[in-house]
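S.K.: What follows is query-v8.cif, mmCIF, C-alpha atoms.
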```cif
data_run
#
loop_
_atom_site.group_PDB
_atom_site.id
_atom_site.type_symbol
_atom_site.label_atom_id
_atom_site.label_comp_id
_atom_site.auth_asym_id
_atom_site.auth_seq_id
_atom_site.Cartn_x
_atom_site.Cartn_y
_atom_site.Cartn_z
ATOM 1 C CA MET A 1 0.000 0.000 0.000
ATOM 2 C CA ASP A 2 1.630 3.261 -1.123
ATOM 3 C CA LEU A 3 0.181 6.410 0.451
ATOM 4 C CA LYS A 4 3.351 8.489 0.181
ATOM 5 C CA GLY A 5 2.602 12.118 -0.574
ATOM 6 C CA ARG A 6 -1.146 11.766 0.126
ATOM 7 C CA ASP A 7 -3.092 14.313 2.151
ATOM 8 C CA PHE A 8 -5.258 13.042 5.017
ATOM 9 C CA LEU A 9 -8.284 15.345 4.989
ATOM 10 C CA LYS A 10 -11.337 13.074 5.329
ATOM 11 C CA LEU A 11 -12.017 9.351 5.077
ATOM 12 C CA LEU A 12 -14.257 9.908 2.048
ATOM 13 C CA ASP A 13 -10.962 10.272 0.146
ATOM 14 C CA PHE A 14 -9.762 6.780 1.108
ATOM 15 C CA THR A 15 -10.761 3.260 0.146
ATOM 16 C CA THR A 16 -11.762 0.593 2.645
ATOM 17 C CA GLU A 17 -8.455 -1.166 2.007
ATOM 18 C CA GLU A 18 -6.430 2.004 2.605
ATOM 19 C CA ILE A 19 -8.219 2.648 5.890
ATOM 20 C CA GLU A 20 -7.629 -0.954 6.976
ATOM 21 C CA TYR A 21 -3.957 -0.544 6.099
ATOM 22 C CA LEU A 22 -3.639 2.563 8.307
ATOM 23 C CA VAL A 23 -5.339 0.788 11.232
ATOM 24 C CA ASP A 24 -3.046 -2.232 10.842
ATOM 25 C CA LEU A 25 0.022 0.015 10.564
ATOM 26 C CA ALA A 26 -1.053 1.803 13.748
ATOM 27 C CA ALA A 27 -1.381 -1.536 15.530
ATOM 28 C CA ASP A 28 2.118 -2.497 14.407
ATOM 29 C CA LEU A 29 3.593 0.832 15.513
ATOM 30 C CA LYS A 30 1.795 0.528 18.860
ATOM 31 C CA ASP A 31 3.231 -2.948 19.362
ATOM 32 C CA LYS A 32 6.736 -1.690 18.587
ATOM 33 C CA LYS A 33 6.369 1.194 21.061
ATOM 34 C CA LYS A 34 5.186 -1.161 23.810
ATOM 35 C CA ARG A 35 8.202 -3.404 23.162
ATOM 36 C CA GLY A 36 10.631 -0.489 23.047
ATOM 37 C CA ILE A 37 11.532 -0.927 19.374
ATOM 38 C CA PRO A 38 12.561 2.444 17.837
ATOM 39 C CA VAL A 39 10.817 3.649 14.691
ATOM 40 C CA ASP A 40 12.716 6.946 14.352
ATOM 41 C CA THR A 41 13.372 6.582 10.633
ATOM 42 C CA PHE A 42 12.313 10.157 9.827
ATOM 43 C CA ARG A 43 15.215 11.910 11.543
ATOM 44 C CA GLY A 44 15.924 15.313 10.016
ATOM 45 C CA LYS A 45 12.311 15.892 9.004
ATOM 46 C CA ASN A 46 10.029 18.489 10.622
ATOM 47 C CA VAL A 47 6.280 19.048 10.739
ATOM 48 C CA ALA A 48 4.187 22.182 11.370
ATOM 49 C CA LEU A 49 1.179 21.936 13.678
ATOM 50 C CA ILE A 50 -1.376 24.703 13.067
ATOM 51 C CA PHE A 51 -3.965 24.911 15.851
ATOM 52 C CA GLU A 52 -6.682 27.512 15.359
ATOM 53 C CA LYS A 53 -8.603 25.474 17.938
ATOM 54 C CA THR A 54 -6.646 24.321 20.962
ATOM 55 C CA SER A 55 -6.534 20.671 22.010
ATOM 56 C CA THR A 56 -5.007 18.286 24.527
ATOM 57 C CA ARG A 57 -5.195 14.934 22.742
ATOM 58 C CA THR A 58 -4.567 16.089 19.169
ATOM 59 C CA ARG A 59 -1.562 18.238 20.030
ATOM 60 C CA CYS A 60 0.022 15.650 22.315
ATOM 61 C CA SER A 61 -0.663 12.884 19.800
ATOM 62 C CA PHE A 62 0.989 14.700 16.908
ATOM 63 C CA GLU A 63 3.970 15.856 18.987
ATOM 64 C CA VAL A 64 4.690 12.472 20.602
ATOM 65 C CA ALA A 65 4.099 10.606 17.345
ATOM 66 C CA ALA A 66 6.419 12.949 15.441
ATOM 67 C CA HIS A 67 9.121 12.672 18.100
ATOM 68 C CA ASP A 68 8.834 8.866 18.103
ATOM 69 C CA LEU A 69 9.384 8.956 14.335
ATOM 70 C CA GLY A 70 12.476 11.120 14.869
ATOM 71 C CA MET A 71 10.929 14.376 13.639
ATOM 72 C CA GLY A 72 10.864 17.877 15.048
ATOM 73 C CA THR A 73 7.626 19.830 15.528
ATOM 74 C CA THR A 74 6.693 23.504 15.483
ATOM 75 C CA TYR A 75 3.415 24.296 17.260
ATOM 76 C CA LEU A 76 1.491 27.336 16.031
ATOM 77 C CA ASP A 77 -1.306 28.229 18.434
ATOM 78 C CA PRO A 78 -4.252 30.524 17.608
ATOM 79 C CA SER A 79 -2.076 33.586 18.249
ATOM 80 C CA GLY A 80 1.049 32.138 16.680
ATOM 81 C CA SER A 81 0.003 32.002 13.039
ATOM 82 C CA GLN A 82 -1.094 34.644 10.550
ATOM 83 C CA ILE A 83 -3.092 32.138 8.500
ATOM 84 C CA GLY A 84 -6.145 33.819 7.004
ATOM 85 C CA LYS A 85 -5.380 37.091 8.819
ATOM 86 C CA LYS A 86 -2.217 38.771 7.583
ATOM 87 C CA GLU A 87 -1.336 35.946 5.223
ATOM 88 C CA SER A 88 -3.615 34.006 2.923
ATOM 89 C CA ILE A 89 -4.112 30.270 3.318
ATOM 90 C CA ALA A 90 -2.460 29.708 -0.052
ATOM 91 C CA ASP A 91 0.597 31.764 0.877
ATOM 92 C CA THR A 92 0.840 30.072 4.270
ATOM 93 C CA ALA A 93 0.795 26.662 2.589
ATOM 94 C CA ARG A 94 3.574 27.645 0.200
ATOM 95 C CA VAL A 95 5.731 29.197 2.926
ATOM 96 C CA LEU A 96 5.442 26.211 5.258
ATOM 97 C CA SER A 97 6.045 23.755 2.404
ATOM 98 C CA GLY A 98 9.533 25.177 2.062
ATOM 99 C CA MET A 99 10.362 24.582 5.718
ATOM 100 C CA PHE A 100 8.471 21.437 6.726
ATOM 101 C CA GLU A 101 7.830 17.931 5.413
ATOM 102 C CA GLY A 102 4.214 17.908 6.600
ATOM 103 C CA ILE A 103 1.493 20.261 7.871
ATOM 104 C CA GLU A 104 -1.268 19.521 10.382
ATOM 105 C CA TYR A 105 -4.309 21.804 10.658
ATOM 106 C CA ARG A 106 -6.918 21.882 13.424
ATOM 107 C CA GLY A 107 -9.543 24.581 13.211
ATOM 108 C CA TYR A 108 -12.733 25.621 11.504
ATOM 109 C CA GLY A 109 -14.146 24.995 8.040
ATOM 110 C CA GLN A 110 -13.149 21.963 5.986
ATOM 111 C CA GLU A 111 -12.517 24.364 3.117
ATOM 112 C CA ILE A 112 -9.493 25.742 4.995
ATOM 113 C CA VAL A 113 -7.651 22.435 5.271
ATOM 114 C CA GLU A 114 -8.652 21.611 1.682
ATOM 115 C CA GLU A 115 -7.146 24.894 0.475
ATOM 116 C CA LEU A 116 -3.988 24.288 2.511
ATOM 117 C CA ALA A 117 -3.643 20.932 0.792
ATOM 118 C CA LYS A 118 -4.278 22.458 -2.637
ATOM 119 C CA TYR A 119 -1.325 24.836 -2.356
ATOM 120 C CA ALA A 120 1.040 22.841 -0.127
ATOM 121 C CA LYS A 121 3.773 20.755 -1.706
ATOM 122 C CA VAL A 122 3.861 18.425 1.305
ATOM 123 C CA PRO A 123 1.202 16.200 2.928
ATOM 124 C CA VAL A 124 -1.497 18.026 4.911
ATOM 125 C CA TRP A 125 -3.308 16.275 7.780
ATOM 126 C CA ASN A 126 -6.690 17.215 9.209
ATOM 127 C CA GLY A 127 -6.540 17.369 13.024
ATOM 128 C CA LEU A 128 -10.212 18.465 13.170
ATOM 129 C CA THR A 129 -12.530 20.743 11.234
ATOM 130 C CA ASN A 130 -16.163 21.643 11.735
ATOM 131 C CA GLU A 131 -17.146 18.922 9.282
ATOM 132 C CA PHE A 132 -14.718 16.021 9.821
ATOM 133 C CA HIS A 133 -12.335 14.471 12.363
ATOM 134 C CA PRO A 134 -10.537 11.684 10.474
ATOM 135 C CA THR A 135 -7.644 11.032 12.873
ATOM 136 C CA GLN A 136 -10.182 10.361 15.640
ATOM 137 C CA MET A 137 -11.864 7.817 13.378
ATOM 138 C CA LEU A 138 -8.703 5.756 12.983
ATOM 139 C CA ALA A 139 -8.276 5.729 16.760
ATOM 140 C CA ASP A 140 -11.867 4.561 17.149
ATOM 141 C CA LEU A 141 -11.390 1.798 14.589
ATOM 142 C CA LEU A 142 -8.191 0.606 16.257
ATOM 143 C CA THR A 143 -9.949 0.538 19.641
ATOM 144 C CA ILE A 144 -12.891 -1.419 18.197
ATOM 145 C CA LYS A 145 -10.613 -3.895 16.429
ATOM 146 C CA GLU A 146 -8.515 -4.407 19.568
ATOM 147 C CA HIS A 147 -11.622 -5.139 21.624
ATOM 148 C CA PHE A 148 -13.757 -7.178 19.217
ATOM 149 C CA GLY A 149 -11.083 -8.550 16.891
ATOM 150 C CA TYR A 150 -12.823 -7.211 13.769
ATOM 151 C CA MET A 151 -14.518 -4.121 12.343
ATOM 152 C CA LYS A 152 -16.872 -5.229 9.566
ATOM 153 C CA GLY A 153 -20.384 -5.851 10.856
ATOM 154 C CA ILE A 154 -19.949 -3.871 14.096
ATOM 155 C CA LYS A 155 -23.122 -2.007 15.140
ATOM 156 C CA LEU A 156 -22.354 1.542 16.306
ATOM 157 C CA THR A 157 -24.870 4.046 17.661
ATOM 158 C CA TYR A 158 -24.082 7.726 18.058
ATOM 159 C CA MET A 159 -26.220 9.615 20.583
ATOM 160 C CA GLY A 160 -26.454 13.409 20.859
ATOM 161 C CA ASP A 161 -25.935 16.187 18.338
ATOM 162 C CA ALA A 162 -25.329 14.354 15.056
ATOM 163 C CA ARG A 163 -24.941 17.383 12.779
ATOM 164 C CA TYR A 164 -21.207 18.015 12.982
ATOM 165 C CA ASN A 165 -17.743 16.490 12.680
ATOM 166 C CA MET A 166 -18.049 13.479 14.984
ATOM 167 C CA ALA A 167 -21.318 12.021 13.714
ATOM 168 C CA ASN A 168 -20.404 12.955 10.130
ATOM 169 C CA SER A 169 -17.088 11.155 10.418
ATOM 170 C CA LEU A 170 -18.503 8.103 12.192
ATOM 171 C CA MET A 171 -21.215 7.765 9.552
ATOM 172 C CA VAL A 172 -18.612 7.941 6.756
ATOM 173 C CA THR A 173 -16.338 5.508 8.585
ATOM 174 C CA CYS A 174 -19.067 2.954 9.160
ATOM 175 C CA ALA A 175 -20.159 3.196 5.530
ATOM 176 C CA LYS A 176 -16.590 2.642 4.330
ATOM 177 C CA MET A 177 -15.862 -0.234 6.712
ATOM 178 C CA GLY A 178 -19.096 -2.223 6.351
ATOM 179 C CA MET A 179 -20.261 -1.256 9.849
ATOM 180 C CA HIS A 180 -23.820 -0.394 10.868
ATOM 181 C CA PHE A 181 -24.303 3.251 11.875
ATOM 182 C CA THR A 182 -27.252 4.648 13.783
ATOM 183 C CA ALA A 183 -27.751 8.303 14.695
ATOM 184 C CA CYS A 184 -29.996 8.256 17.753
ATOM 185 C CA THR A 185 -31.234 11.759 18.472
ATOM 186 C CA SER A 186 -34.016 14.264 17.910
ATOM 187 C CA PRO A 187 -34.716 14.761 14.173
ATOM 188 C CA LYS A 188 -33.654 18.364 14.721
ATOM 189 C CA TYR A 189 -30.107 17.035 15.210
ATOM 190 C CA PHE A 190 -29.925 14.495 12.388
ATOM 191 C CA PRO A 191 -26.883 14.625 10.055
ATOM 192 C CA ASP A 192 -26.948 16.584 6.796
ATOM 193 C CA ALA A 193 -29.283 14.857 4.347
ATOM 194 C CA LYS A 194 -26.843 15.115 1.439
ATOM 195 C CA LEU A 195 -24.068 13.385 3.412
ATOM 196 C CA VAL A 196 -26.525 10.739 4.595
ATOM 197 C CA GLU A 197 -27.357 9.893 0.984
ATOM 198 C CA GLU A 198 -23.669 9.825 0.030
ATOM 199 C CA CYS A 199 -22.967 7.431 2.900
ATOM 200 C CA LYS A 200 -25.938 5.227 1.992
ATOM 201 C CA ALA A 201 -24.524 4.908 -1.525
ATOM 202 C CA ILE A 202 -21.156 3.816 -0.109
ATOM 203 C CA ALA A 203 -22.865 1.502 2.374
ATOM 204 C CA ALA A 204 -24.649 -0.276 -0.477
ATOM 205 C CA THR A 205 -21.233 -1.448 -1.729
ATOM 206 C CA THR A 206 -19.784 -2.534 1.645
ATOM 207 C CA GLY A 207 -22.722 -4.146 3.444
ATOM 208 C CA ALA A 208 -23.069 -1.262 5.900
ATOM 209 C CA THR A 209 -26.369 0.321 6.916
ATOM 210 C CA ILE A 210 -27.266 3.910 7.864
ATOM 211 C CA THR A 211 -30.165 4.475 10.269
ATOM 212 C CA LEU A 212 -31.623 7.657 11.764
ATOM 213 C CA THR A 213 -33.970 7.350 14.744
ATOM 214 C CA ASP A 214 -35.280 9.325 17.698
ATOM 215 C CA ASP A 215 -36.143 6.142 19.631
ATOM 216 C CA VAL A 216 -33.463 5.439 22.254
ATOM 217 C CA MET A 217 -34.521 1.870 22.954
ATOM 218 C CA ALA A 218 -34.678 0.981 19.267
ATOM 219 C CA GLY A 219 -31.458 2.828 18.477
ATOM 220 C CA THR A 220 -29.397 1.160 21.197
ATOM 221 C CA LYS A 221 -30.882 -2.367 21.133
ATOM 222 C CA ASP A 222 -28.131 -5.012 20.923
ATOM 223 C CA VAL A 223 -25.495 -2.641 19.476
ATOM 224 C CA ASP A 224 -21.759 -3.148 19.957
ATOM 225 C CA VAL A 225 -20.684 0.463 20.474
ATOM 226 C CA ILE A 226 -22.456 3.473 21.945
ATOM 227 C CA TYR A 227 -20.677 6.718 21.136
ATOM 228 C CA THR A 228 -21.290 10.307 22.171
ATOM 229 C CA ASP A 229 -19.628 13.718 22.225
ATOM 230 C CA VAL A 230 -20.131 17.022 24.018
ATOM 231 C CA TRP A 231 -23.408 18.754 23.188
ATOM 232 C CA VAL A 232 -21.892 22.186 22.617
ATOM 233 C CA SER A 233 -18.857 22.503 20.363
ATOM 234 C CA MET A 234 -15.891 24.779 20.897
ATOM 235 C CA GLY A 235 -16.612 28.380 19.937
ATOM 236 C CA GLU A 236 -20.396 28.154 20.115
ATOM 237 C CA PRO A 237 -22.173 30.874 22.148
ATOM 238 C CA ASP A 238 -23.384 30.275 25.704
ATOM 239 C CA GLU A 239 -26.998 30.797 24.644
ATOM 240 C CA VAL A 240 -27.146 27.389 22.973
ATOM 241 C CA TRP A 241 -26.526 25.498 26.239
ATOM 242 C CA ALA A 242 -30.117 25.700 27.488
ATOM 243 C CA GLU A 243 -31.530 24.601 24.127
ATOM 244 C CA ARG A 244 -29.138 21.681 23.736
ATOM 245 C CA ILE A 245 -29.650 20.424 27.289
ATOM 246 C CA HIS A 246 -33.418 20.556 26.854
ATOM 247 C CA ASP A 247 -33.346 18.802 23.486
ATOM 248 C CA LEU A 248 -30.603 16.248 24.098
ATOM 249 C CA LEU A 249 -31.037 15.142 27.712
ATOM 250 C CA PRO A 250 -33.262 12.247 26.534
ATOM 251 C CA TYR A 251 -30.233 11.063 24.497
ATOM 252 C CA GLN A 252 -27.764 11.040 27.381
ATOM 253 C CA VAL A 253 -25.731 7.826 27.494
ATOM 254 C CA ASN A 254 -26.764 6.237 30.780
ATOM 255 C CA LYS A 255 -26.989 2.780 32.348
ATOM 256 C CA ALA A 256 -30.399 2.116 30.771
ATOM 257 C CA ALA A 257 -28.990 2.710 27.284
ATOM 258 C CA MET A 258 -25.916 0.575 27.936
ATOM 259 C CA ASP A 259 -28.010 -2.228 29.460
ATOM 260 C CA ASN A 260 -30.258 -2.135 26.406
ATOM 261 C CA ALA A 261 -27.203 -2.554 24.193
ATOM 262 C CA GLY A 262 -26.226 -5.703 26.041
ATOM 263 C CA ASP A 263 -23.316 -7.172 27.969
ATOM 264 C CA LYS A 264 -20.845 -7.009 25.077
ATOM 265 C CA ALA A 265 -21.358 -3.318 24.331
ATOM 266 C CA ILE A 266 -18.619 -0.739 24.889
ATOM 267 C CA PHE A 267 -18.770 3.013 25.378
ATOM 268 C CA LEU A 268 -16.599 5.449 23.390
ATOM 269 C CA HIS A 269 -16.179 9.238 23.570
ATOM 270 C CA CYS A 270 -13.654 11.452 21.782
ATOM 271 C CA LEU A 271 -13.212 13.555 24.967
ATOM 272 C CA PRO A 272 -13.306 15.842 26.842
ATOM 273 C CA ALA A 273 -16.478 14.626 28.545
ATOM 274 C CA PHE A 274 -18.779 16.390 30.976
ATOM 275 C CA HIS A 275 -19.591 13.449 33.247
ATOM 276 C CA ASP A 276 -19.038 15.077 36.660
ATOM 277 C CA LEU A 277 -18.437 18.411 38.379
ATOM 278 C CA ASP A 278 -14.624 18.307 38.234
ATOM 279 C CA THR A 279 -14.362 20.941 35.490
ATOM 280 C CA LYS A 280 -15.157 24.638 35.450
ATOM 281 C CA ILE A 281 -17.750 24.123 32.716
ATOM 282 C CA GLY A 282 -19.272 21.215 34.617
ATOM 283 C CA LYS A 283 -19.686 23.359 37.704
ATOM 284 C CA ASP A 284 -21.143 26.226 35.657
ATOM 285 C CA ILE A 285 -23.685 23.907 34.039
ATOM 286 C CA GLN A 286 -24.682 22.496 37.425
ATOM 287 C CA GLU A 287 -25.220 25.991 38.829
ATOM 288 C CA ARG A 288 -27.196 27.180 35.795
ATOM 289 C CA PHE A 289 -29.224 24.091 34.893
ATOM 290 C CA GLY A 290 -29.150 21.853 37.949
ATOM 291 C CA ILE A 291 -27.562 18.817 36.278
ATOM 292 C CA SER A 292 -24.296 17.192 37.317
ATOM 293 C CA GLU A 293 -23.820 15.056 34.173
ATOM 294 C CA MET A 294 -24.381 15.880 30.518
ATOM 295 C CA GLU A 295 -23.850 13.681 27.481
ATOM 296 C CA VAL A 296 -22.810 10.657 29.579
ATOM 297 C CA THR A 297 -23.344 9.714 33.201
ATOM 298 C CA ASP A 298 -20.371 9.224 35.471
ATOM 299 C CA GLU A 299 -21.579 5.678 36.112
ATOM 300 C CA VAL A 300 -21.123 4.772 32.439
ATOM 301 C CA PHE A 301 -17.959 6.836 31.942
ATOM 302 C CA GLU A 302 -16.186 5.089 34.827
ATOM 303 C CA SER A 303 -17.569 1.618 34.077
ATOM 304 C CA GLU A 304 -15.713 -1.386 32.685
ATOM 305 C CA LYS A 305 -17.587 -0.861 29.420
ATOM 306 C CA SER A 306 -15.876 2.503 28.925
ATOM 307 C CA LEU A 307 -12.760 2.344 26.727
ATOM 308 C CA VAL A 308 -12.331 6.102 26.423
ATOM 309 C CA PHE A 309 -8.767 6.219 27.731
ATOM 310 C CA GLU A 310 -7.585 3.334 25.543
ATOM 311 C CA GLU A 311 -9.267 5.224 22.698
ATOM 312 C CA ALA A 312 -7.451 8.438 23.656
ATOM 313 C CA GLU A 313 -4.073 6.677 23.663
ATOM 314 C CA ASN A 314 -4.821 5.256 20.238
ATOM 315 C CA ARG A 315 -4.993 8.777 18.839
ATOM 316 C CA MET A 316 -1.213 8.892 19.054
ATOM 317 C CA HIS A 317 -0.610 5.498 17.465
ATOM 318 C CA THR A 318 -2.975 6.143 14.555
ATOM 319 C CA ILE A 319 -1.641 9.654 13.941
ATOM 320 C CA LYS A 320 1.843 8.142 13.875
ATOM 321 C CA ALA A 321 0.609 5.714 11.234
ATOM 322 C CA VAL A 322 -0.840 8.528 9.100
ATOM 323 C CA MET A 323 2.410 10.513 9.191
ATOM 324 C CA ALA A 324 4.594 7.467 8.567
ATOM 325 C CA ALA A 325 2.460 6.303 5.640
ATOM 326 C CA THR A 326 2.155 9.664 3.916
ATOM 327 C CA LEU A 327 5.765 10.764 4.436
#
```
Go ahead and render the structure in this file as structure tokens.

M.R.:
Amino acid sequence: MDLKGRDFLKLLDFTTEEIEYLVDLAADLKDKKKRGIPVDTFRGKNVALIFEKTSTRTRCSFEVAAHDLGMGTTYLDPSGSQIGKKESIADTARVLSGMFEGIEYRGYGQEIVEELAKYAKVPVWNGLTNEFHPTQMLADLLTIKEHFGYMKGIKLTYMGDARYNMANSLMVTCAKMGMHFTACTSPKYFPDAKLVEECKAIAATTGATITLTDDVMAGTKDVDVIYTDVWVSMGEPDEVWAERIHDLLPYQVNKAAMDNAGDKAIFLHCLPAFHDLDTKIGKDIQERFGISEMEVTDEVFESEKSLVFEEAENRMHTIKAVMAATL
């Protein structure tokens, strides 16, 4: 499998076989790291990490993965880059291409990372946009494969706001990998109809299915994976909190939902999660709305069914695989 020079912008751009290859490569790199086998074959190379939206897992994953591969990193935080402000995206891409072997972007519209890739002469990797989160998807697939031993045929239900990057990406991923995707939420929060149809067309070729439902018991019955994300995305105004909590509280991942899924089911979350009062936002929400848990209860988050921290670690191994494959 030769992915050298490829951008990694969204999984719609990759075949099922290419995605499987990246997951298998990540597993191999993870095994080598656990056994202390060096993989620093990219010494002398450097990568630029553009973060218009800050992050814990994505930044740490790219930096540790790059260092393990022998590369240097330059982190550009929201105040450290002139991209789109004093310098156009096209010019930024061409400047950085002369100094780095790869460019990561985490920020806003998908069109930004697509334009970076258009003008860059080196691989560009999507660390998150409003529409897609492909590196998270590889981590999720690796976690699922580690736990179940396979990916094809897995039943995955996403609960919560299904209109943005996480549900979009999970729906695409399931369609590509022959997995069964269900968005379980209020119809107000269903994914974009055009993307749903695109995924259904892909699913028809892989054996996957795409289901949209507002019935929690039907949507979680006998599934393998229940997945959720925060109800309010970074950068959204405070006014949306009340609306989201009102609309989405019926779709909180709780013990009843997990029990309905069955004994074999696991819980995944891309993190951070508001499952207790140990964060400033958690305390604010409790004071304003009288709830101590949001998209997932602490009981589920801390249960044996929860693989969220294994999933978080796998971000680094799968990002390492993406960089190694495309460089």

S.K.: Report as a list in words the full result of the PyMOL selection byres ((chain A and resi 254) around 8) when it is applied to this structure.

M.R.: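 With the shown file as input, the PyMOL selection byres ((chain A and resi 254) around 8) matches Gln252, Val253, Lys255, Ala256, Ala257, Met258, Val296, Thr297, Glu299 and Val300 of chain A.
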
S.K.: Find the residues with any atom within 6 Å of (-26.0, 23.5, 23.5); use all atoms listed in the file and the coordinates as given in the file, and write the answer as a list in words.

M.R.: Trp231, Val232, Val240, Trp241, Glu243 and Arg244 of chain A

S.K.: Applying 10 Å and only C-alpha atoms, which residues near A:Arg43 remain after dropping the ones on its own chain fewer than 5 positions away? List them as a PyMOL selection string.

M.R.: chain A and resi 66-72

S.K.: Quick one: residues within 12 Å of A:Asn168, all atoms listed in the file, excluding same-chain residues fewer than 6 positions away - as a PyMOL selection string?

M.R.: chain A and resi 10-12+128-134+136-137+158+161-162+174-175+181-183+189-199+210

S.K.: Of the candidates A:Phe267, A:Asp259, A:Ile281, A:Gln286, which shows the shortest atom-to-atom distance to A:Ser303, using only C-alpha atoms?

M.R.: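 When distances to A:Ser303 are compared using only C-alpha atoms, the smallest one comes from A:Phe267.
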
S.K.: Suppose a student applies the PyMOL selection byres ((chain A and resi 89-97) around 10) to this structure; what residues should they get, written as a list in words?

M.R.: Val47, Ala48, Ser81, Gln82, Ile83, Gly84, Lys85, Lys86, Glu87, Ser88, Gly98, Met99, Phe100, Glu101, Gly102, Ile103, Ile112, Val113, Glu114, Glu115, Leu116, Ala117, Lys118, Tyr119, Ala120, Lys121, Val122, Pro123 and Val124 of chain A

S.K.: On this structure, the PyMOL selection byres ((chain A and resi 145-153) around 12) would catch which residues? List them as a ChimeraX atom specification, sorted by chain and number.

M.R.: /A:16,19-20,23-24,26-28,30-31,138-144,154-156,173-181,203,206-209,223-225,264-268,305-307,310-311,314

S.K.: Under the rule that only C-alpha atoms are counted, which of A:Val322, A:Val230, A:Asp40, A:Leu277 is the nearest residue to A:Glu18?

M.R.: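 The answer is A:Val322, which sits nearest to A:Glu18.
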
S.K.: Looking at only C-alpha atoms, which of A:Gly109, A:Pro250, A:Pro272, A:Gly262 is the one that sits closest to A:Thr220?

M.R.: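 For A:Thr220, the nearest of the candidates is A:Gly262.
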
S.K.: Reconstruct N, CA, C and O atoms of stretch 75-86 of chain A; output as an mmCIF file, in the frame of the given file.

M.R.:
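Final file, rebuild.cif:
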```cif
data_model
loop_
_atom_site.group_PDB
_atom_site.id
_atom_site.type_symbol
_atom_site.label_atom_id
_atom_site.label_comp_id
_atom_site.auth_asym_id
_atom_site.auth_seq_id
_atom_site.Cartn_x
_atom_site.Cartn_y
_atom_site.Cartn_z
ATOM 1 N N TYR A 75 4.829 24.113 16.906
ATOM 2 C CA TYR A 75 3.415 24.296 17.260
ATOM 3 C C TYR A 75 3.036 25.756 17.072
ATOM 4 O O TYR A 75 3.672 26.651 17.635
ATOM 5 N N LEU A 76 2.008 25.992 16.269
ATOM 6 C CA LEU A 76 1.491 27.336 16.031
ATOM 7 C C LEU A 76 0.104 27.427 16.626
ATOM 8 O O LEU A 76 -0.845 26.844 16.109
ATOM 9 N N ASP A 77 -0.016 28.133 17.752
ATOM 10 C CA ASP A 77 -1.306 28.229 18.434
ATOM 11 C C ASP A 77 -2.153 29.312 17.777
ATOM 12 O O ASP A 77 -1.719 29.942 16.799
ATOM 13 N N PRO A 78 -3.379 29.546 18.269
ATOM 14 C CA PRO A 78 -4.252 30.524 17.608
ATOM 15 C C PRO A 78 -3.659 31.915 17.469
ATOM 16 O O PRO A 78 -4.033 32.654 16.564
ATOM 17 N N SER A 79 -2.711 32.265 18.345
ATOM 18 C CA SER A 79 -2.076 33.586 18.249
ATOM 19 C C SER A 79 -0.726 33.521 17.558
ATOM 20 O O SER A 79 -0.091 34.550 17.318
ATOM 21 N N GLY A 80 -0.294 32.298 17.211
ATOM 22 C CA GLY A 80 1.049 32.138 16.680
ATOM 23 C C GLY A 80 1.128 32.007 15.177
ATOM 24 O O GLY A 80 2.204 31.797 14.625
ATOM 25 N N SER A 81 0.016 32.123 14.492
ATOM 26 C CA SER A 81 0.003 32.002 13.039
ATOM 27 C C SER A 81 -0.792 33.149 12.431
ATOM 28 O O SER A 81 -1.780 33.604 13.005
ATOM 29 N N GLN A 82 -0.385 33.573 11.261
ATOM 30 C CA GLN A 82 -1.094 34.644 10.550
ATOM 31 C C GLN A 82 -2.033 34.089 9.486
ATOM 32 O O GLN A 82 -2.539 34.846 8.658
ATOM 33 N N ILE A 83 -2.276 32.771 9.525
ATOM 34 C CA ILE A 83 -3.092 32.138 8.500
ATOM 35 C C ILE A 83 -4.474 32.777 8.427
ATOM 36 O O ILE A 83 -5.192 32.881 9.416
ATOM 37 N N GLY A 84 -4.835 33.229 7.240
ATOM 38 C CA GLY A 84 -6.145 33.819 7.004
ATOM 39 C C GLY A 84 -6.309 35.224 7.547
ATOM 40 O O GLY A 84 -7.345 35.857 7.312
ATOM 41 N N LYS A 85 -5.303 35.732 8.266
ATOM 42 C CA LYS A 85 -5.380 37.091 8.819
ATOM 43 C C LYS A 85 -4.464 38.008 8.025
ATOM 44 O O LYS A 85 -4.920 38.756 7.163
ATOM 45 N N LYS A 86 -3.173 37.950 8.325
ATOM 46 C CA LYS A 86 -2.217 38.771 7.583
ATOM 47 C C LYS A 86 -1.630 38.037 6.393
ATOM 48 O O LYS A 86 -0.958 38.641 5.561
#
```
